[in-house]
>>> print(open('data_38.pdb').read())   # PDB, C-alpha atoms, pLDDT in the B column
ATOM      1  CA  MET A 324      93.901  93.935  88.248  1.00 97.00           C
ATOM      2  CA  ASP A 325      97.684  94.046  87.894  1.00 97.00           C
ATOM      3  CA  TYR A 326      99.499  95.981  90.618  1.00 97.00           C
ATOM      4  CA  GLN A 327     101.077  98.568  88.315  1.00 96.00           C
ATOM      5  CA  GLN A 328      97.739  99.304  86.634  1.00 97.00           C
ATOM      6  CA  ALA A 329      96.164  99.957  90.029  1.00 97.00           C
ATOM      7  CA  SER A 330      99.146 102.123  91.017  1.00 97.00           C
ATOM      8  CA  GLN A 331      98.573 104.305  87.974  1.00 98.00           C
ATOM      9  CA  ILE A 332      94.905 104.745  88.905  1.00 98.00           C
ATOM     10  CA  GLN A 333      95.982 105.760  92.407  1.00 98.00           C
ATOM     11  CA  LEU A 334      98.289 108.435  90.989  1.00 98.00           C
ATOM     12  CA  GLU A 335      95.567 109.751  88.687  1.00 98.00           C
ATOM     13  CA  SER A 336      93.131 109.940  91.619  1.00 98.00           C
ATOM     14  CA  HIS A 337      95.787 111.666  93.753  1.00 98.00           C
ATOM     15  CA  ALA A 338      96.283 114.290  91.025  1.00 97.00           C
ATOM     16  CA  GLU A 339      92.521 114.908  90.782  1.00 97.00           C
ATOM     17  CA  ILE A 340      92.152 115.319  94.547  1.00 97.00           C
ATOM     18  CA  LEU A 341      95.132 117.678  94.671  1.00 97.00           C
ATOM     19  CA  ALA A 342      93.821 119.736  91.740  1.00 96.00           C
ATOM     20  CA  GLY A 343      90.490 120.145  93.515  1.00 95.00           C
ATOM     21  CA  ARG A 344      91.985 121.204  96.835  1.00 93.00           C
ATOM     22  CA  ASP A 345      91.082 124.875  96.310  1.00 89.00           C
ATOM     23  CA  GLU A 346      87.808 124.262  94.481  1.00 91.00           C
ATOM     24  CA  PRO A 347      84.690 124.707  96.673  1.00 89.00           C
ATOM     25  CA  GLY A 348      82.516 121.602  96.732  1.00 89.00           C
ATOM     26  CA  SER A 349      85.137 119.254  95.291  1.00 92.00           C
ATOM     27  CA  SER A 350      85.610 115.824  96.851  1.00 92.00           C
ATOM     28  CA  PRO A 351      88.309 115.462  99.520  1.00 95.00           C
ATOM     29  CA  GLY A 352      88.921 111.852  98.562  1.00 96.00           C
ATOM     30  CA  VAL A 353      87.957 108.518  97.077  1.00 98.00           C
ATOM     31  CA  ILE A 354      88.236 104.905  98.219  1.00 98.00           C
ATOM     32  CA  LEU A 355      89.564 102.557  95.547  1.00 98.00           C
ATOM     33  CA  VAL A 356      88.910  98.845  96.077  1.00 98.00           C
ATOM     34  CA  VAL A 357      90.590  96.078  94.101  1.00 98.00           C
ATOM     35  CA  GLU A 358      91.599  92.431  94.020  1.00 98.00           C
ATOM     36  CA  HIS A 359      95.082  92.096  92.586  1.00 98.00           C
ATOM     37  CA  ASN A 360      96.465  89.370  90.409  1.00 98.00           C
ATOM     38  CA  PRO A 361      99.052  87.440  92.467  1.00 98.00           C
ATOM     39  CA  VAL A 362     101.926  89.793  93.271  1.00 98.00           C
ATOM     40  CA  ILE A 363     104.644  90.289  95.857  1.00 96.00           C
ATOM     41  CA  THR A 364     105.484  93.939  96.485  1.00 95.00           C
ATOM     42  CA  VAL A 365     108.745  95.105  98.042  1.00 92.00           C
ATOM     43  CA  SER A 366     109.246  98.605  99.431  1.00 87.00           C
ATOM     44  CA  ALA A 367     112.369 100.681  98.932  1.00 79.00           C
ATOM     45  CA  LYS A 368     113.061 100.452 102.675  1.00 71.00           C
ATOM     46  CA  ALA A 369     113.180  96.651 102.650  1.00 62.00           C
ATOM     47  CA  LYS A 370     116.547  94.899 102.590  1.00 61.00           C
ATOM     48  CA  ARG A 371     116.761  93.695  99.012  1.00 54.00           C
ATOM     49  CA  GLY A 372     115.608  90.080  98.848  1.00 63.00           C
ATOM     50  CA  ALA A 373     116.070  89.468 102.564  1.00 77.00           C
ATOM     51  CA  ASN A 374     112.452  88.476 103.157  1.00 87.00           C
ATOM     52  CA  LEU A 375     111.748  86.934  99.750  1.00 90.00           C
ATOM     53  CA  LEU A 376     111.917  83.160 100.154  1.00 91.00           C
ATOM     54  CA  ALA A 377     111.434  82.118  96.524  1.00 93.00           C
ATOM     55  CA  SER A 378     113.515  82.681  93.425  1.00 92.00           C
ATOM     56  CA  VAL A 379     112.306  84.884  90.603  1.00 91.00           C
ATOM     57  CA  GLU A 380     112.123  81.746  88.442  1.00 95.00           C
ATOM     58  CA  ALA A 381     109.917  79.994  91.010  1.00 94.00           C
ATOM     59  CA  LEU A 382     107.608  83.004  91.202  1.00 96.00           C
ATOM     60  CA  GLN A 383     107.296  83.104  87.429  1.00 95.00           C
ATOM     61  CA  ALA A 384     106.429  79.414  87.346  1.00 95.00           C
ATOM     62  CA  MET A 385     103.668  80.018  89.910  1.00 95.00           C
ATOM     63  CA  GLY A 386     102.318  83.080  88.128  1.00 96.00           C
ATOM     64  CA  VAL A 387     103.264  85.457  90.957  1.00 97.00           C
ATOM     65  CA  ALA A 388     104.635  88.850  89.903  1.00 97.00           C
ATOM     66  CA  LEU A 389     107.341  90.747  91.803  1.00 95.00           C
ATOM     67  CA  GLU A 390     106.969  94.531  91.904  1.00 94.00           C
ATOM     68  CA  PRO A 391     108.628  97.476  93.683  1.00 93.00           C
ATOM     69  CA  THR A 392     106.386  99.786  95.688  1.00 93.00           C
ATOM     70  CA  ASP A 393     106.764 103.235  97.213  1.00 92.00           C
ATOM     71  CA  ARG A 394     104.573 102.562 100.253  1.00 92.00           C
ATOM     72  CA  GLY A 395     105.938 102.173 103.758  1.00 84.00           C
ATOM     73  CA  GLY A 396     106.640  98.808 105.311  1.00 82.00           C
ATOM     74  CA  ASP A 397     108.600  95.871 103.963  1.00 86.00           C
ATOM     75  CA  ILE A 398     107.353  93.017 101.773  1.00 91.00           C
ATOM     76  CA  THR A 399     103.822  91.733 101.312  1.00 93.00           C
ATOM     77  CA  TYR A 400     101.626  89.585  99.095  1.00 96.00           C
ATOM     78  CA  HIS A 401      98.442  90.552  97.267  1.00 98.00           C
ATOM     79  CA  GLY A 402      96.173  88.257  95.321  1.00 98.00           C
ATOM     80  CA  PRO A 403      92.657  87.086  94.537  1.00 98.00           C
ATOM     81  CA  GLY A 404      90.545  86.582  97.652  1.00 98.00           C
ATOM     82  CA  GLN A 405      92.077  89.624  99.335  1.00 98.00           C
ATOM     83  CA  VAL A 406      90.226  92.951  99.545  1.00 98.00           C
ATOM     84  CA  VAL A 407      92.719  95.755  98.956  1.00 98.00           C
ATOM     85  CA  CYS A 408      91.559  99.295  99.764  1.00 98.00           C
ATOM     86  CA  TYR A 409      93.387 102.390  98.582  1.00 98.00           C
ATOM     87  CA  PRO A 410      91.862 105.460 100.265  1.00 98.00           C
ATOM     88  CA  ILE A 411      93.121 108.528  98.397  1.00 98.00           C
ATOM     89  CA  LEU A 412      92.292 111.172 101.010  1.00 98.00           C
ATOM     90  CA  ASP A 413      93.280 114.799 101.468  1.00 97.00           C
ATOM     91  CA  LEU A 414      94.190 114.735 105.153  1.00 97.00           C
ATOM     92  CA  GLU A 415      94.678 118.504 105.122  1.00 95.00           C
ATOM     93  CA  ARG A 416      91.116 119.157 103.987  1.00 94.00           C
ATOM     94  CA  LEU A 417      89.670 116.457 106.199  1.00 95.00           C
ATOM     95  CA  GLY A 418      91.548 117.720 109.260  1.00 94.00           C
ATOM     96  CA  ILE A 419      92.965 114.281 110.064  1.00 96.00           C
ATOM     97  CA  ARG A 420      96.474 113.919 111.493  1.00 95.00           C
ATOM     98  CA  LEU A 421      98.723 111.216 110.069  1.00 95.00           C
ATOM     99  CA  ASN A 422      98.866 109.108 113.223  1.00 94.00           C
ATOM    100  CA  ASP A 423      95.089 109.382 113.579  1.00 95.00           C
ATOM    101  CA  TYR A 424      94.718 108.200 109.999  1.00 97.00           C
ATOM    102  CA  LEU A 425      96.654 105.014 110.768  1.00 96.00           C
ATOM    103  CA  ARG A 426      94.447 104.376 113.799  1.00 95.00           C
ATOM    104  CA  LEU A 427      91.414 105.041 111.581  1.00 97.00           C
ATOM    105  CA  LEU A 428      92.473 102.261 109.213  1.00 98.00           C
ATOM    106  CA  GLU A 429      92.964  99.871 112.119  1.00 97.00           C
ATOM    107  CA  ARG A 430      89.521 100.635 113.543  1.00 97.00           C
ATOM    108  CA  ALA A 431      87.879 100.106 110.152  1.00 98.00           C
ATOM    109  CA  ILE A 432      89.481  96.675 109.853  1.00 98.00           C
ATOM    110  CA  ILE A 433      88.605  95.720 113.434  1.00 97.00           C
ATOM    111  CA  GLY A 434      85.008  96.814 112.845  1.00 97.00           C
ATOM    112  CA  THR A 435      84.817  94.735 109.673  1.00 98.00           C
ATOM    113  CA  LEU A 436      86.196  91.623 111.352  1.00 97.00           C
ATOM    114  CA  GLY A 437      83.839  92.118 114.278  1.00 96.00           C
ATOM    115  CA  GLU A 438      80.851  92.363 111.948  1.00 97.00           C
ATOM    116  CA  PHE A 439      81.535  88.775 110.878  1.00 97.00           C
ATOM    117  CA  GLY A 440      82.350  87.425 114.326  1.00 94.00           C
ATOM    118  CA  LEU A 441      86.134  87.838 114.528  1.00 95.00           C
ATOM    119  CA  GLY A 442      87.951  89.756 117.239  1.00 93.00           C
ATOM    120  CA  GLY A 443      90.614  91.963 115.693  1.00 94.00           C
ATOM    121  CA  VAL A 444      93.421  93.410 117.805  1.00 94.00           C
ATOM    122  CA  CYS A 445      96.429  95.666 117.260  1.00 92.00           C
ATOM    123  CA  ASP A 446     100.010  94.804 118.112  1.00 88.00           C
ATOM    124  CA  PRO A 447     102.037  97.751 119.486  1.00 85.00           C
ATOM    125  CA  GLN A 448     105.158  96.178 117.967  1.00 82.00           C
ATOM    126  CA  ALA A 449     103.790  95.556 114.460  1.00 85.00           C
ATOM    127  CA  THR A 450     101.553  97.438 112.026  1.00 87.00           C
ATOM    128  CA  GLY A 451      98.332  95.776 110.894  1.00 92.00           C
ATOM    129  CA  VAL A 452      95.413  93.993 112.495  1.00 96.00           C
ATOM    130  CA  TRP A 453      95.649  90.567 114.072  1.00 94.00           C
ATOM    131  CA  VAL A 454      93.279  88.001 115.535  1.00 93.00           C
ATOM    132  CA  GLY A 455      93.741  86.268 118.868  1.00 81.00           C
ATOM    133  CA  SER A 456      93.146  82.719 119.997  1.00 69.00           C
ATOM    134  CA  LEU A 457      90.062  81.435 121.816  1.00 57.00           C
ATOM    135  CA  ASP A 458      92.095  81.289 125.025  1.00 64.00           C
ATOM    136  CA  GLU A 459      93.681  84.729 124.576  1.00 71.00           C
ATOM    137  CA  PRO A 460      91.397  86.789 122.316  1.00 67.00           C
ATOM    138  CA  GLN A 461      93.218  90.053 123.072  1.00 73.00           C
ATOM    139  CA  THR A 462      96.696  88.686 122.365  1.00 72.00           C
ATOM    140  CA  PRO A 463      97.784  89.110 118.724  1.00 66.00           C
ATOM    141  CA  GLN A 464      98.339  85.646 117.247  1.00 84.00           C
ATOM    142  CA  ALA A 465      97.959  85.800 113.463  1.00 92.00           C
ATOM    143  CA  LYS A 466      97.867  88.732 111.059  1.00 94.00           C
ATOM    144  CA  ASN A 467      94.599  89.118 109.154  1.00 97.00           C
ATOM    145  CA  ALA A 468      95.206  92.514 107.525  1.00 97.00           C
ATOM    146  CA  ALA A 469      98.249  94.498 106.444  1.00 95.00           C
ATOM    147  CA  ILE A 470      98.601  98.286 106.369  1.00 96.00           C
ATOM    148  CA  GLY A 471     101.109 100.254 104.321  1.00 95.00           C
ATOM    149  CA  ILE A 472     100.716 103.871 103.231  1.00 96.00           C
ATOM    150  CA  ARG A 473     102.444 106.822 101.660  1.00 96.00           C
ATOM    151  CA  VAL A 474     101.485 110.486 102.013  1.00 97.00           C
ATOM    152  CA  ARG A 475     102.336 112.992  99.296  1.00 97.00           C
ATOM    153  CA  ARG A 476     101.296 116.653  99.644  1.00 96.00           C
ATOM    154  CA  TRP A 477      99.161 115.456 102.598  1.00 97.00           C
ATOM    155  CA  ILE A 478      97.118 113.206 100.319  1.00 98.00           C
ATOM    156  CA  THR A 479      97.295 109.480 101.076  1.00 98.00           C
ATOM    157  CA  LEU A 480      98.272 106.626  98.793  1.00 98.00           C
ATOM    158  CA  HIS A 481      98.160 102.836  99.263  1.00 98.00           C
ATOM    159  CA  GLY A 482      96.237 101.592 102.298  1.00 97.00           C
ATOM    160  CA  LEU A 483      95.182  98.178 103.594  1.00 98.00           C
ATOM    161  CA  ALA A 484      94.814  94.564 102.527  1.00 98.00           C
ATOM    162  CA  LEU A 485      92.217  92.342 104.224  1.00 98.00           C
ATOM    163  CA  ASN A 486      92.684  88.596 103.878  1.00 98.00           C
ATOM    164  CA  VAL A 487      89.242  87.161 103.168  1.00 98.00           C
ATOM    165  CA  ARG A 488      89.945  83.939 101.263  1.00 98.00           C
ATOM    166  CA  PRO A 489      93.324  84.286  99.493  1.00 98.00           C
ATOM    167  CA  ASN A 490      95.662  81.444  98.582  1.00 97.00           C
ATOM    168  CA  MET A 491      97.471  81.131 101.899  1.00 96.00           C
ATOM    169  CA  GLU A 492     100.244  79.026 100.333  1.00 95.00           C
ATOM    170  CA  HIS A 493     101.458  82.163  98.565  1.00 96.00           C
ATOM    171  CA  PHE A 494     102.338  83.768 101.913  1.00 95.00           C
ATOM    172  CA  LYS A 495     104.985  81.066 102.323  1.00 93.00           C
ATOM    173  CA  LEU A 496     106.918  82.742  99.504  1.00 93.00           C
ATOM    174  CA  ILE A 497     107.850  85.651 101.805  1.00 91.00           C
ATOM    175  CA  VAL A 498     108.409  86.667 105.391  1.00 87.00           C
ATOM    176  CA  PRO A 499     105.209  88.761 105.527  1.00 78.00           C
ATOM    177  CA  CYS A 500     106.025  92.381 106.362  1.00 66.00           C
ATOM    178  CA  GLY A 501     109.478  91.209 107.429  1.00 64.00           C
ATOM    179  CA  LEU A 502     108.101  89.761 110.680  1.00 65.00           C
ATOM    180  CA  CYS A 503     109.917  86.486 111.282  1.00 65.00           C
ATOM    181  CA  GLY A 504     107.989  83.795 113.116  1.00 63.00           C
ATOM    182  CA  ARG A 505     104.626  85.602 112.984  1.00 81.00           C
ATOM    183  CA  ALA A 506     101.632  83.773 111.555  1.00 89.00           C
ATOM    184  CA  VAL A 507      99.307  85.042 108.823  1.00 94.00           C
ATOM    185  CA  THR A 508      95.655  84.075 108.626  1.00 96.00           C
ATOM    186  CA  SER A 509      92.468  84.805 106.706  1.00 97.00           C
ATOM    187  CA  MET A 510      88.799  85.165 107.475  1.00 97.00           C
ATOM    188  CA  ALA A 511      88.169  81.856 105.685  1.00 97.00           C
ATOM    189  CA  ARG A 512      90.743  80.068 107.827  1.00 95.00           C
ATOM    190  CA  GLU A 513      89.282  81.500 111.040  1.00 95.00           C
ATOM    191  CA  LEU A 514      85.573  81.309 110.184  1.00 95.00           C
ATOM    192  CA  GLY A 515      85.277  78.329 107.854  1.00 96.00           C
ATOM    193  CA  GLU A 516      81.828  78.166 106.309  1.00 96.00           C
ATOM    194  CA  ARG A 517      80.865  81.389 108.087  1.00 96.00           C
ATOM    195  CA  CYS A 518      83.388  83.373 106.025  1.00 97.00           C
ATOM    196  CA  PRO A 519      81.669  86.192 104.145  1.00 98.00           C
ATOM    197  CA  SER A 520      81.635  86.477 100.377  1.00 98.00           C
ATOM    198  CA  MET A 521      84.074  88.842  98.745  1.00 98.00           C
ATOM    199  CA  ASP A 522      81.220  91.217  97.927  1.00 98.00           C
ATOM    200  CA  ASP A 523      80.052  91.276 101.544  1.00 98.00           C
ATOM    201  CA  ALA A 524      83.581  91.789 102.890  1.00 98.00           C
ATOM    202  CA  ARG A 525      84.228  94.532 100.329  1.00 98.00           C
ATOM    203  CA  SER A 526      81.019  96.362 101.217  1.00 98.00           C
ATOM    204  CA  ALA A 527      81.742  96.081 104.927  1.00 98.00           C
ATOM    205  CA  ILE A 528      85.281  97.461 104.847  1.00 98.00           C
ATOM    206  CA  VAL A 529      84.254 100.407 102.664  1.00 98.00           C
ATOM    207  CA  ARG A 530      81.340 101.191 104.977  1.00 98.00           C
ATOM    208  CA  HIS A 531      83.564 101.054 108.060  1.00 98.00           C
ATOM    209  CA  LEU A 532      86.173 103.231 106.375  1.00 98.00           C
ATOM    210  CA  ARG A 533      83.567 105.841 105.495  1.00 97.00           C
ATOM    211  CA  ASP A 534      82.205 105.769 109.051  1.00 97.00           C
ATOM    212  CA  GLN A 535      85.673 106.173 110.551  1.00 97.00           C
ATOM    213  CA  ILE A 536      86.543 109.030 108.216  1.00 96.00           C
ATOM    214  CA  SER A 537      83.308 110.824 109.146  1.00 93.00           C
ATOM    215  CA  ALA A 538      83.915 110.220 112.852  1.00 92.00           C
ATOM    216  CA  SER A 539      87.500 111.510 112.618  1.00 88.00           C
ATOM    217  CA  ARG A 540      86.314 114.677 110.914  1.00 80.00           C
ATOM    218  CA  THR A 541      83.775 115.180 113.699  1.00 60.00           C
ATOM    219  CA  ARG A 542      86.459 114.788 116.371  1.00 58.00           C
ATOM    220  CA  GLU A 543      88.591 117.421 114.653  1.00 47.00           C
TER     221      GLU A 543
END
>>> encode(input="data_38.pdb", output="structure tokens")
Amino acid sequence: MDYQQASQIQLESHAEILAGRDEPGSSPGVILVVEHNPVITVSAKAKRGANLLASVEALQAMGVALEPTDRGGDITYHGPGQVVCYPILDLERLGIRLNDYLRLLERAIIGTLGEFGLGGVCDPQATGVWVGSLDEPQTPQAKNAAIGIRVRRWITLHGLALNVRPNMEHFKLIVPCGLCGRAVTSMARELGERCPSMDDARSAIVRHLRDQISASRTRE
């Protein structure tokens, strides 16, 4: 799905969740899951073009779109082979604080990677989830999932992108998330033939998200 089409669905879902805030029995949220057509998204906070390494003409020739985004963060790539999750959640109704929500997303990604034999770790200096090396499994080496959100009226937008088996050459078109010198990886690159299918990865991340949301509500 094109990025702007998915953005419109997010906004429609946000409006539905907000409209149901005072209705007993209404849902406090949904989890949207999508694979995007190749696209580079740049946030309003990013320095214009600073971390884009290809010309607009080169992107067009490769079939990679360039779109603005209102999420946090800098610049990132989405494309086929990447599971993108957009949880549209009413944090007010769920009783989840914003910082706890970010940690929730990280735990869901780490749980998903662990289910397939990868050790995911967080980097205190950079948002997202990383994998370590065999020698230093707890030291962030390469980024396997990006996180970027927006909260409007205490209802979340955007979310996370898990690299399962995307075209890794497309990440060379940008400085991912504006982090110079930091590697990006995928489950396919790390696991080889043991990499899960897109369906299995999609099911796993949604299940871990649901579990983490339930657990966070319990803690509150």
>>> closest_residue(input="data_38.pdb", among="A:Gly482, A:Gly386, A:Gly343, A:Gly471", to="A:Val356", atoms="only C-alpha atoms")
A:Gly482
>>> residues_around(input="data_38.pdb", residues="A:Glu339", least_positions_apart="2", cutoff="10 Å", atoms="all atoms listed in the file", output="VMD selection string")
chain A and resid 333 to 337 341 to 344 349 to 352 411
>>> closest_residue(input="data_38.pdb", among="A:Leu483, A:Leu532, A:Leu436, A:Ile363", to="A:Ser509", atoms="only C-alpha atoms")
A:Leu436
>>> closest_residue(input="data_38.pdb", among="A:Arg475, A:Arg416, A:Arg488, A:Arg505", to="A:Val454", atoms="only C-alpha atoms")
A:Arg505
>>> residues_around(input="data_38.pdb", residues="A:Ile478", least_positions_apart="2", cutoff="6 Å", atoms="all atoms listed in the file", output="PyMOL selection string")
chain A and resi 412-414+474-476
>>> closest_residue(input="data_38.pdb", among="A:Pro499, A:Gly442, A:Gly434, A:Pro347", to="A:Ala524", atoms="only C-alpha atoms")
A:Gly434
>>> atom_distance(input="data_38.pdb", atom1="atom CA of A:His493", atom2="atom CA of A:Leu382")
9.6 Å
>>> atom_distance(input="data_38.pdb", atom1="atom CA of A:His401", atom2="atom CA of A:Pro361")
5.8 Å
>>> resolve_selection(input="data_38.pdb", expression="the PyMOL selection byres ((chain A and resi 516-520) around 12)", output="VMD selection string")
chain A and resid 404 to 406 435 to 441 486 to 489 509 to 515 521 to 528
>>> atom_distance(input="data_38.pdb", atom1="atom CA of A:Glu492", atom2="atom CA of A:Gln331")
28.2 Å
>>> decode(input="data_38.pdb", residues="stretch 382-400 of chain A", atoms="N, CA and C atoms", output="PDB file, in the first residue's frame")
ATOM      1  N   LEU A 382      15.666   8.492  -7.216  1.00  0.00           N
ATOM      2  CA  LEU A 382      14.598   7.776  -6.519  1.00  0.00           C
ATOM      3  C   LEU A 382      13.483   7.405  -7.493  1.00  0.00           C
ATOM      4  N   GLN A 383      13.112   8.342  -8.342  1.00  0.00           N
ATOM      5  CA  GLN A 383      12.058   8.079  -9.313  1.00  0.00           C
ATOM      6  C   GLN A 383      12.450   6.946 -10.247  1.00  0.00           C
ATOM      7  N   ALA A 384      13.699   6.921 -10.657  1.00  0.00           N
ATOM      8  CA  ALA A 384      14.170   5.865 -11.550  1.00  0.00           C
ATOM      9  C   ALA A 384      14.129   4.496 -10.887  1.00  0.00           C
ATOM     10  N   MET A 385      14.298   4.465  -9.562  1.00  0.00           N
ATOM     11  CA  MET A 385      14.281   3.217  -8.805  1.00  0.00           C
ATOM     12  C   MET A 385      12.885   2.843  -8.327  1.00  0.00           C
ATOM     13  N   GLY A 386      11.925   3.726  -8.532  1.00  0.00           N
ATOM     14  CA  GLY A 386      10.568   3.441  -8.072  1.00  0.00           C
ATOM     15  C   GLY A 386      10.376   3.639  -6.582  1.00  0.00           C
ATOM     16  N   VAL A 387      11.172   4.532  -5.985  1.00  0.00           N
ATOM     17  CA  VAL A 387      11.088   4.818  -4.552  1.00  0.00           C
ATOM     18  C   VAL A 387      10.465   6.199  -4.359  1.00  0.00           C
ATOM     19  N   ALA A 388       9.339   6.269  -3.684  1.00  0.00           N
ATOM     20  CA  ALA A 388       8.665   7.540  -3.446  1.00  0.00           C
ATOM     21  C   ALA A 388       9.358   8.305  -2.320  1.00  0.00           C
ATOM     22  N   LEU A 389       9.107   9.601  -2.265  1.00  0.00           N
ATOM     23  CA  LEU A 389       9.618  10.464  -1.194  1.00  0.00           C
ATOM     24  C   LEU A 389       8.429  11.220  -0.621  1.00  0.00           C
ATOM     25  N   GLU A 390       8.166  11.029   0.685  1.00  0.00           N
ATOM     26  CA  GLU A 390       6.970  11.586   1.295  1.00  0.00           C
ATOM     27  C   GLU A 390       7.293  12.275   2.620  1.00  0.00           C
ATOM     28  N   PRO A 391       6.618  13.383   2.931  1.00  0.00           N
ATOM     29  CA  PRO A 391       6.729  13.984   4.259  1.00  0.00           C
ATOM     30  C   PRO A 391       5.913  13.163   5.254  1.00  0.00           C
ATOM     31  N   THR A 392       6.279  13.263   6.520  1.00  0.00           N
ATOM     32  CA  THR A 392       5.536  12.554   7.563  1.00  0.00           C
ATOM     33  C   THR A 392       5.486  13.404   8.815  1.00  0.00           C
ATOM     34  N   ASP A 393       4.426  13.239   9.599  1.00  0.00           N
ATOM     35  CA  ASP A 393       4.295  14.021  10.830  1.00  0.00           C
ATOM     36  C   ASP A 393       4.674  13.233  12.077  1.00  0.00           C
ATOM     37  N   ARG A 394       5.327  12.081  11.898  1.00  0.00           N
ATOM     38  CA  ARG A 394       5.791  11.325  13.064  1.00  0.00           C
ATOM     39  C   ARG A 394       7.053  11.973  13.621  1.00  0.00           C
ATOM     40  N   GLY A 395       7.499  11.474  14.780  1.00  0.00           N
ATOM     41  CA  GLY A 395       8.771  11.906  15.317  1.00  0.00           C
ATOM     42  C   GLY A 395       9.920  11.243  14.582  1.00  0.00           C
ATOM     43  N   GLY A 396      11.124  11.612  14.936  1.00  0.00           N
ATOM     44  CA  GLY A 396      12.293  11.007  14.313  1.00  0.00           C
ATOM     45  C   GLY A 396      12.780  11.809  13.122  1.00  0.00           C
ATOM     46  N   ASP A 397      13.538  11.158  12.255  1.00  0.00           N
ATOM     47  CA  ASP A 397      14.210  11.841  11.164  1.00  0.00           C
ATOM     48  C   ASP A 397      13.759  11.284   9.820  1.00  0.00           C
ATOM     49  N   ILE A 398      14.570  10.474   9.200  1.00  0.00           N
ATOM     50  CA  ILE A 398      14.295   9.912   7.882  1.00  0.00           C
ATOM     51  C   ILE A 398      14.346   8.394   7.961  1.00  0.00           C
ATOM     52  N   THR A 399      13.474   7.730   7.234  1.00  0.00           N
ATOM     53  CA  THR A 399      13.501   6.268   7.238  1.00  0.00           C
ATOM     54  C   THR A 399      12.970   5.733   5.922  1.00  0.00           C
ATOM     55  N   TYR A 400      13.166   4.438   5.730  1.00  0.00           N
ATOM     56  CA  TYR A 400      12.720   3.755   4.512  1.00  0.00           C
ATOM     57  C   TYR A 400      11.693   2.704   4.877  1.00  0.00           C
TER      58      TYR A 400
END
